[in-house]
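Q: The following file, my_file10.tsv, comprises TSV, N, CA and C atoms and all ligand atoms:
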chain	number	residue	atom	x	y	z
A	711	MET	N	117.15	120.31	70.65
A	711	MET	CA	118.28	120.39	71.57
A	711	MET	C	118.78	121.83	71.62
A	712	LYS	N	119.38	122.15	72.76
A	712	LYS	CA	119.83	123.52	72.95
A	712	LYS	C	121.20	123.52	73.61
A	713	ALA	N	122.06	124.42	73.12
A	713	ALA	CA	123.39	124.58	73.71
A	713	ALA	C	123.34	125.75	74.70
A	714	ILE	N	123.92	125.52	75.86
A	714	ILE	CA	123.89	126.51	76.93
A	714	ILE	C	125.32	126.85	77.34
A	715	VAL	N	125.59	128.13	77.46
A	715	VAL	CA	126.91	128.59	77.92
A	715	VAL	C	126.76	129.18	79.32
A	716	ASN	N	127.57	128.69	80.23
A	716	ASN	CA	127.63	129.26	81.57
A	716	ASN	C	128.54	130.50	81.52
A	717	LYS	N	127.92	131.66	81.53
A	717	LYS	CA	128.68	132.90	81.38
A	717	LYS	C	129.55	133.20	82.59
A	718	ASP	N	129.29	132.54	83.70
A	718	ASP	CA	130.17	132.71	84.86
A	718	ASP	C	131.52	132.04	84.62
A	719	LEU	N	131.56	131.09	83.68
A	719	LEU	CA	132.79	130.37	83.39
A	719	LEU	C	133.45	130.85	82.09
A	720	CYS	N	132.64	131.22	81.10
A	720	CYS	CA	133.16	131.59	79.77
A	720	CYS	C	134.19	132.71	79.88
A	721	VAL	N	135.29	132.54	79.10
A	721	VAL	CA	136.34	133.56	79.06
A	721	VAL	C	136.40	134.25	77.70
A	722	GLY	N	135.41	133.95	76.83
A	722	GLY	CA	135.31	134.65	75.56
A	722	GLY	C	136.40	134.32	74.56
A	723	CYS	N	136.93	133.10	74.63
A	723	CYS	CA	138.04	132.74	73.74
A	723	CYS	C	137.60	132.55	72.29
A	724	GLY	N	136.32	132.25	72.09
A	724	GLY	CA	135.79	132.11	70.74
A	724	GLY	C	135.96	130.73	70.12
A	725	ALA	N	136.53	129.81	70.86
A	725	ALA	CA	136.74	128.47	70.28
A	725	ALA	C	135.43	127.81	69.85
A	726	CYS	N	134.40	127.99	70.63
A	726	CYS	CA	133.11	127.35	70.30
A	726	CYS	C	132.53	127.92	69.02
A	727	THR	N	132.74	129.20	68.79
A	727	THR	CA	132.21	129.80	67.57
A	727	THR	C	132.96	129.28	66.35
A	728	GLY	N	134.20	128.87	66.54
A	728	GLY	CA	134.94	128.27	65.45
A	728	GLY	C	134.46	126.86	65.14
A	729	CYS	N	134.11	126.12	66.18
A	729	CYS	CA	133.64	124.74	66.00
A	729	CYS	C	132.23	124.69	65.43
A	730	ALA	N	131.37	125.55	65.92
A	730	ALA	CA	129.96	125.51	65.54
A	730	ALA	C	129.43	126.94	65.41
A	731	PRO	N	129.84	127.62	64.33
A	731	PRO	CA	129.47	129.04	64.18
A	731	PRO	C	127.98	129.29	64.03
A	732	GLU	N	127.23	128.26	63.64
A	732	GLU	CA	125.78	128.45	63.49
A	732	GLU	C	125.06	128.34	64.84
A	733	VAL	N	125.77	127.84	65.84
A	733	VAL	CA	125.14	127.59	67.14
A	733	VAL	C	125.64	128.57	68.20
A	734	PHE	N	126.93	128.92	68.13
A	734	PHE	CA	127.52	129.79	69.14
A	734	PHE	C	127.90	131.13	68.53
A	735	SER	N	127.72	132.17	69.31
A	735	SER	CA	128.17	133.49	68.88
A	735	SER	C	128.65	134.25	70.10
A	736	LEU	N	129.48	135.25	69.84
A	736	LEU	CA	129.96	136.10	70.93
A	736	LEU	C	129.04	137.31	71.05
A	737	GLY	N	128.56	137.58	72.22
A	737	GLY	CA	127.65	138.69	72.44
A	737	GLY	C	128.37	140.00	72.68
A	738	ASP	N	127.61	141.05	72.87
A	738	ASP	CA	128.17	142.36	73.14
A	738	ASP	C	129.03	142.38	74.40
A	739	ASP	N	128.76	141.45	75.29
A	739	ASP	CA	129.55	141.36	76.52
A	739	ASP	C	130.86	140.59	76.32
A	740	GLY	N	131.10	140.14	75.07
A	740	GLY	CA	132.33	139.42	74.77
A	740	GLY	C	132.30	137.97	75.17
A	741	LEU	N	131.16	137.51	75.65
A	741	LEU	CA	131.03	136.12	76.08
A	741	LEU	C	130.15	135.38	75.08
A	742	ALA	N	130.32	134.06	75.07
A	742	ALA	CA	129.57	133.25	74.11
A	742	ALA	C	128.13	133.04	74.56
A	743	GLN	N	127.29	132.82	73.56
A	743	GLN	CA	125.92	132.41	73.84
A	743	GLN	C	125.58	131.28	72.89
A	744	GLY	N	124.80	130.33	73.38
A	744	GLY	CA	124.41	129.19	72.57
A	744	GLY	C	122.99	129.35	72.09
A	745	SER	N	122.59	128.48	71.19
A	745	SER	CA	121.23	128.52	70.66
A	745	SER	C	120.73	127.10	70.46
A	746	ALA	N	119.51	127.00	70.00
A	746	ALA	CA	118.96	125.70	69.65
A	746	ALA	C	119.75	125.14	68.47
A	747	PHE	N	119.86	123.81	68.42
A	747	PHE	CA	120.56	123.21	67.29
A	747	PHE	C	119.87	121.92	66.87
A	748	THR	N	120.16	121.52	65.64
A	748	THR	CA	119.52	120.36	65.05
A	748	THR	C	120.42	119.14	65.17
A	749	ALA	N	119.87	117.99	64.87
A	749	ALA	CA	120.62	116.73	65.00
A	749	ALA	C	121.88	116.75	64.14
A	750	ASP	N	121.81	117.36	62.98
A	750	ASP	CA	123.00	117.35	62.12
A	750	ASP	C	124.08	118.32	62.59
A	751	GLN	N	123.77	119.13	63.60
A	751	GLN	CA	124.76	120.02	64.19
A	751	GLN	C	125.34	119.45	65.50
A	752	LYS	N	124.86	118.27	65.86
A	752	LYS	CA	125.23	117.72	67.16
A	752	LYS	C	126.74	117.48	67.29
A	753	ASP	N	127.36	116.94	66.23
A	753	ASP	CA	128.80	116.66	66.29
A	753	ASP	C	129.60	117.94	66.47
A	754	ALA	N	129.19	119.00	65.78
A	754	ALA	CA	129.90	120.28	65.89
A	754	ALA	C	129.74	120.85	67.30
A	755	VAL	N	128.55	120.69	67.88
A	755	VAL	CA	128.33	121.17	69.25
A	755	VAL	C	129.18	120.36	70.23
A	756	GLU	N	129.27	119.07	69.98
A	756	GLU	CA	130.10	118.23	70.85
A	756	GLU	C	131.58	118.64	70.73
A	757	ASP	N	132.01	118.95	69.53
A	757	ASP	CA	133.38	119.45	69.35
A	757	ASP	C	133.59	120.72	70.18
A	758	ALA	N	132.63	121.62	70.12
A	758	ALA	CA	132.73	122.87	70.88
A	758	ALA	C	132.76	122.58	72.37
A	759	ARG	N	131.89	121.69	72.80
A	759	ARG	CA	131.81	121.38	74.23
A	759	ARG	C	133.15	120.80	74.73
A	760	SER	N	133.73	119.92	73.94
A	760	SER	CA	134.98	119.29	74.38
A	760	SER	C	136.18	120.21	74.21
A	761	THR	N	136.06	121.20	73.33
A	761	THR	CA	137.17	122.13	73.07
A	761	THR	C	137.19	123.28	74.07
A	762	CYS	N	136.06	123.65	74.60
A	762	CYS	CA	135.98	124.78	75.53
A	762	CYS	C	136.97	124.58	76.69
A	763	PRO	N	137.87	125.52	76.89
A	763	PRO	CA	138.93	125.34	77.90
A	763	PRO	C	138.44	125.41	79.34
A	764	VAL	N	137.24	125.92	79.54
A	764	VAL	CA	136.75	126.06	80.91
A	764	VAL	C	135.46	125.27	81.16
A	765	GLU	N	135.14	124.37	80.22
A	765	GLU	CA	133.98	123.48	80.36
A	765	GLU	C	132.70	124.26	80.67
A	766	ALA	N	132.51	125.34	79.90
A	766	ALA	CA	131.35	126.20	80.14
A	766	ALA	C	130.11	125.77	79.37
A	767	ILE	N	130.27	124.80	78.46
A	767	ILE	CA	129.16	124.45	77.55
A	767	ILE	C	128.46	123.18	78.01
A	768	SER	N	127.14	123.26	78.05
A	768	SER	CA	126.33	122.07	78.29
A	768	SER	C	125.19	122.07	77.28
A	769	THR	N	124.49	120.95	77.22
A	769	THR	CA	123.35	120.87	76.30
A	769	THR	C	122.14	120.32	77.04
A	770	GLU	N	120.99	120.64	76.51
A	770	GLU	CA	119.76	120.06	77.06
A	770	GLU	C	118.85	119.69	75.89
A	771	ASP	N	118.00	118.71	76.12
A	771	ASP	CA	117.09	118.24	75.07
A	771	ASP	C	115.95	119.22	74.88
B	801	LIG	S1	134.90	127.94	74.02
B	801	LIG	FE1	134.11	128.18	76.14
B	801	LIG	S2	135.29	129.86	77.00
B	801	LIG	FE2	135.56	129.95	74.80
B	801	LIG	S3	133.98	131.41	74.10
B	801	LIG	FE3	133.12	129.33	73.95
B	801	LIG	S4	132.04	128.98	75.90
B	801	LIG	FE4	133.42	130.73	76.18
Please rewrite the model in this file as structure tokens.
Ligand code: SF4
A:
Amino acid sequence: MKAIVNKDLCVGCGACTGCAPEVFSLGDDGLAQGSAFTADQKDAVEDARSTCPVEAISTED
């Protein structure tokens, strides 16, 4: 599974990196980027997805 951040929506608040720091990071552009994640990280990714204030996070299998 992979977490995807829509950079057109992301405002760089960092909330996702707090929920799932192993999956999300802030890039040099100040916006978040997602990465591949494992089944045991799924709940943390879901927390990030639901916490994101601009609904910029999606996932794909
Ligand atoms: S929570 Fe959403 S808006 Fe905030 S940094 Fe993450 S993707 Fe961007």
Q: Taking all atoms listed in the file and a cut-off of 5 Å, can you tell me which residues surround ligand LIG 801 (chain B), written as a ChimeraX atom specification?
A: /A:720-726,742,762-763,766
Q: May I have the residues within 9 Å of range 753-759 of chain A as an mmCIF file with N, CA and C atoms, in the coordinates of the input, using only C-alpha atoms and disregarding those fewer than 6 positions away in the same chain?
A:
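File written: around-v6.cif
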data_model
loop_
_atom_site.group_PDB
_atom_site.id
_atom_site.type_symbol
_atom_site.label_atom_id
_atom_site.label_comp_id
_atom_site.auth_asym_id
_atom_site.auth_seq_id
_atom_site.Cartn_x
_atom_site.Cartn_y
_atom_site.Cartn_z
ATOM 1 N N ALA A 713 122.060 124.420 73.120
ATOM 2 C CA ALA A 713 123.390 124.580 73.710
ATOM 3 C C ALA A 713 123.340 125.750 74.700
ATOM 4 N N ALA A 725 136.530 129.810 70.860
ATOM 5 C CA ALA A 725 136.740 128.470 70.280
ATOM 6 C C ALA A 725 135.430 127.810 69.850
ATOM 7 N N CYS A 726 134.400 127.990 70.630
ATOM 8 C CA CYS A 726 133.110 127.350 70.300
ATOM 9 C C CYS A 726 132.530 127.920 69.020
ATOM 10 N N THR A 727 132.740 129.200 68.790
ATOM 11 C CA THR A 727 132.210 129.800 67.570
ATOM 12 C C THR A 727 132.960 129.280 66.350
ATOM 13 N N GLY A 728 134.200 128.870 66.540
ATOM 14 C CA GLY A 728 134.940 128.270 65.450
ATOM 15 C C GLY A 728 134.460 126.860 65.140
ATOM 16 N N CYS A 729 134.110 126.120 66.180
ATOM 17 C CA CYS A 729 133.640 124.740 66.000
ATOM 18 C C CYS A 729 132.230 124.690 65.430
ATOM 19 N N ALA A 730 131.370 125.550 65.920
ATOM 20 C CA ALA A 730 129.960 125.510 65.540
ATOM 21 C C ALA A 730 129.430 126.940 65.410
ATOM 22 N N PRO A 731 129.840 127.620 64.330
ATOM 23 C CA PRO A 731 129.470 129.040 64.180
ATOM 24 C C PRO A 731 127.980 129.290 64.030
ATOM 25 N N VAL A 733 125.770 127.840 65.840
ATOM 26 C CA VAL A 733 125.140 127.590 67.140
ATOM 27 C C VAL A 733 125.640 128.570 68.200
ATOM 28 N N PHE A 734 126.930 128.920 68.130
ATOM 29 C CA PHE A 734 127.520 129.790 69.140
ATOM 30 C C PHE A 734 127.900 131.130 68.530
ATOM 31 N N PHE A 747 119.860 123.810 68.420
ATOM 32 C CA PHE A 747 120.560 123.210 67.290
ATOM 33 C C PHE A 747 119.870 121.920 66.870
ATOM 34 N N GLU A 765 135.140 124.370 80.220
ATOM 35 C CA GLU A 765 133.980 123.480 80.360
ATOM 36 C C GLU A 765 132.700 124.260 80.670
ATOM 37 N N ALA A 766 132.510 125.340 79.900
ATOM 38 C CA ALA A 766 131.350 126.200 80.140
ATOM 39 C C ALA A 766 130.110 125.770 79.370
ATOM 40 N N ILE A 767 130.270 124.800 78.460
ATOM 41 C CA ILE A 767 129.160 124.450 77.550
ATOM 42 C C ILE A 767 128.460 123.180 78.010
ATOM 43 N N SER A 768 127.140 123.260 78.050
ATOM 44 C CA SER A 768 126.330 122.070 78.290
ATOM 45 C C SER A 768 125.190 122.070 77.280
ATOM 46 N N THR A 769 124.490 120.950 77.220
ATOM 47 C CA THR A 769 123.350 120.870 76.300
ATOM 48 C C THR A 769 122.140 120.320 77.040
#
Q: Go through range 716-770 of chain A and collect every residue that DSSP, computed from the backbone, puts in alpha helix (DSSP H); the answer should be as a ChimeraX atom specification.
A: /A:725-729,752-761
Q: With N, CA and C atoms retained, export the selected residues as a PDB file, in the coordinates of the input.
A:
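Writing done, so here's result.pdb:
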ATOM      1  N   ALA A 725     136.530 129.810  70.860  1.00  0.00           N
ATOM      2  CA  ALA A 725     136.740 128.470  70.280  1.00  0.00           C
ATOM      3  C   ALA A 725     135.430 127.810  69.850  1.00  0.00           C
ATOM      4  N   CYS A 726     134.400 127.990  70.630  1.00  0.00           N
ATOM      5  CA  CYS A 726     133.110 127.350  70.300  1.00  0.00           C
ATOM      6  C   CYS A 726     132.530 127.920  69.020  1.00  0.00           C
ATOM      7  N   THR A 727     132.740 129.200  68.790  1.00  0.00           N
ATOM      8  CA  THR A 727     132.210 129.800  67.570  1.00  0.00           C
ATOM      9  C   THR A 727     132.960 129.280  66.350  1.00  0.00           C
ATOM     10  N   GLY A 728     134.200 128.870  66.540  1.00  0.00           N
ATOM     11  CA  GLY A 728     134.940 128.270  65.450  1.00  0.00           C
ATOM     12  C   GLY A 728     134.460 126.860  65.140  1.00  0.00           C
ATOM     13  N   CYS A 729     134.110 126.120  66.180  1.00  0.00           N
ATOM     14  CA  CYS A 729     133.640 124.740  66.000  1.00  0.00           C
ATOM     15  C   CYS A 729     132.230 124.690  65.430  1.00  0.00           C
ATOM     16  N   LYS A 752     124.860 118.270  65.860  1.00  0.00           N
ATOM     17  CA  LYS A 752     125.230 117.720  67.160  1.00  0.00           C
ATOM     18  C   LYS A 752     126.740 117.480  67.290  1.00  0.00           C
ATOM     19  N   ASP A 753     127.360 116.940  66.230  1.00  0.00           N
ATOM     20  CA  ASP A 753     128.800 116.660  66.290  1.00  0.00           C
ATOM     21  C   ASP A 753     129.600 117.940  66.470  1.00  0.00           C
ATOM     22  N   ALA A 754     129.190 119.000  65.780  1.00  0.00           N
ATOM     23  CA  ALA A 754     129.900 120.280  65.890  1.00  0.00           C
ATOM     24  C   ALA A 754     129.740 120.850  67.300  1.00  0.00           C
ATOM     25  N   VAL A 755     128.550 120.690  67.880  1.00  0.00           N
ATOM     26  CA  VAL A 755     128.330 121.170  69.250  1.00  0.00           C
ATOM     27  C   VAL A 755     129.180 120.360  70.230  1.00  0.00           C
ATOM     28  N   GLU A 756     129.270 119.070  69.980  1.00  0.00           N
ATOM     29  CA  GLU A 756     130.100 118.230  70.850  1.00  0.00           C
ATOM     30  C   GLU A 756     131.580 118.640  70.730  1.00  0.00           C
ATOM     31  N   ASP A 757     132.010 118.950  69.530  1.00  0.00           N
ATOM     32  CA  ASP A 757     133.380 119.450  69.350  1.00  0.00           C
ATOM     33  C   ASP A 757     133.590 120.720  70.180  1.00  0.00           C
ATOM     34  N   ALA A 758     132.630 121.620  70.120  1.00  0.00           N
ATOM     35  CA  ALA A 758     132.730 122.870  70.880  1.00  0.00           C
ATOM     36  C   ALA A 758     132.760 122.580  72.370  1.00  0.00           C
ATOM     37  N   ARG A 759     131.890 121.690  72.800  1.00  0.00           N
ATOM     38  CA  ARG A 759     131.810 121.380  74.230  1.00  0.00           C
ATOM     39  C   ARG A 759     133.150 120.800  74.730  1.00  0.00           C
ATOM     40  N   SER A 760     133.730 119.920  73.940  1.00  0.00           N
ATOM     41  CA  SER A 760     134.980 119.290  74.380  1.00  0.00           C
ATOM     42  C   SER A 760     136.180 120.210  74.210  1.00  0.00           C
ATOM     43  N   THR A 761     136.060 121.200  73.330  1.00  0.00           N
ATOM     44  CA  THR A 761     137.170 122.130  73.070  1.00  0.00           C
ATOM     45  C   THR A 761     137.190 123.280  74.070  1.00  0.00           C
TER      46      THR A 761
END
Q: Do you have the atom C of Asn716 in chain A-atom C of Glu770 in chain A distance handy?
A: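 Separating atom C of Asn716 in chain A from atom C of Glu770 in chain A is a distance of 15.6 Å.
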Q: Using only C-alpha atoms, pick whichever of A:Asp718, A:Leu736, A:Met711, A:Ser760 has the shortest atom-to-atom distance to Thr748 in chain A.
A: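 Result for the nearest residue to Thr748 in chain A: A:Met711.
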Q: Just how far from CA of Leu741 in chain A is CA of Val715 in chain A, in Å to one decimal?
A: 8.8 Å
Q: To one decimal in Å, tell me the separation between atom N of Asp771 in chain A and atom N of Asp738 in chain A.
A: 24.5 Å
Q: May I have all residues of chain A that DSSP, computed from the backbone, assigns to strand (DSSP E or B), given as a list of chain:residue names?
A: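 Listing strand (DSSP E or B) positions across chain A yields A:Lys712, A:Ala713, A:Ile714, A:Val715, A:Ser735, A:Leu736, A:Ala742, A:Gln743, A:Ala746, A:Ile767, A:Ser768, A:Thr769, A:Glu770.
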Q: Show me the residues close to (120.8, 131.0, 65.4) - anything with an atom within 7 Å, counting all atoms listed in the file - and format the list as a list in words.
A: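 Here the neighbourhood of the point contains Glu732, Val733, Ser745 and Ala746 of chain A.
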Q: Please give the centre and size of the box around range 715-719 of chain A (axis-aligned, containing every atom listed in the file, 3 Å added per side), with values in Å to one decimal and written as JSON.
A:
{"center_x": 129.5, "center_y": 130.7, "center_z": 81.2, "size_x": 13.9, "size_y": 11.1, "size_z": 13.4}
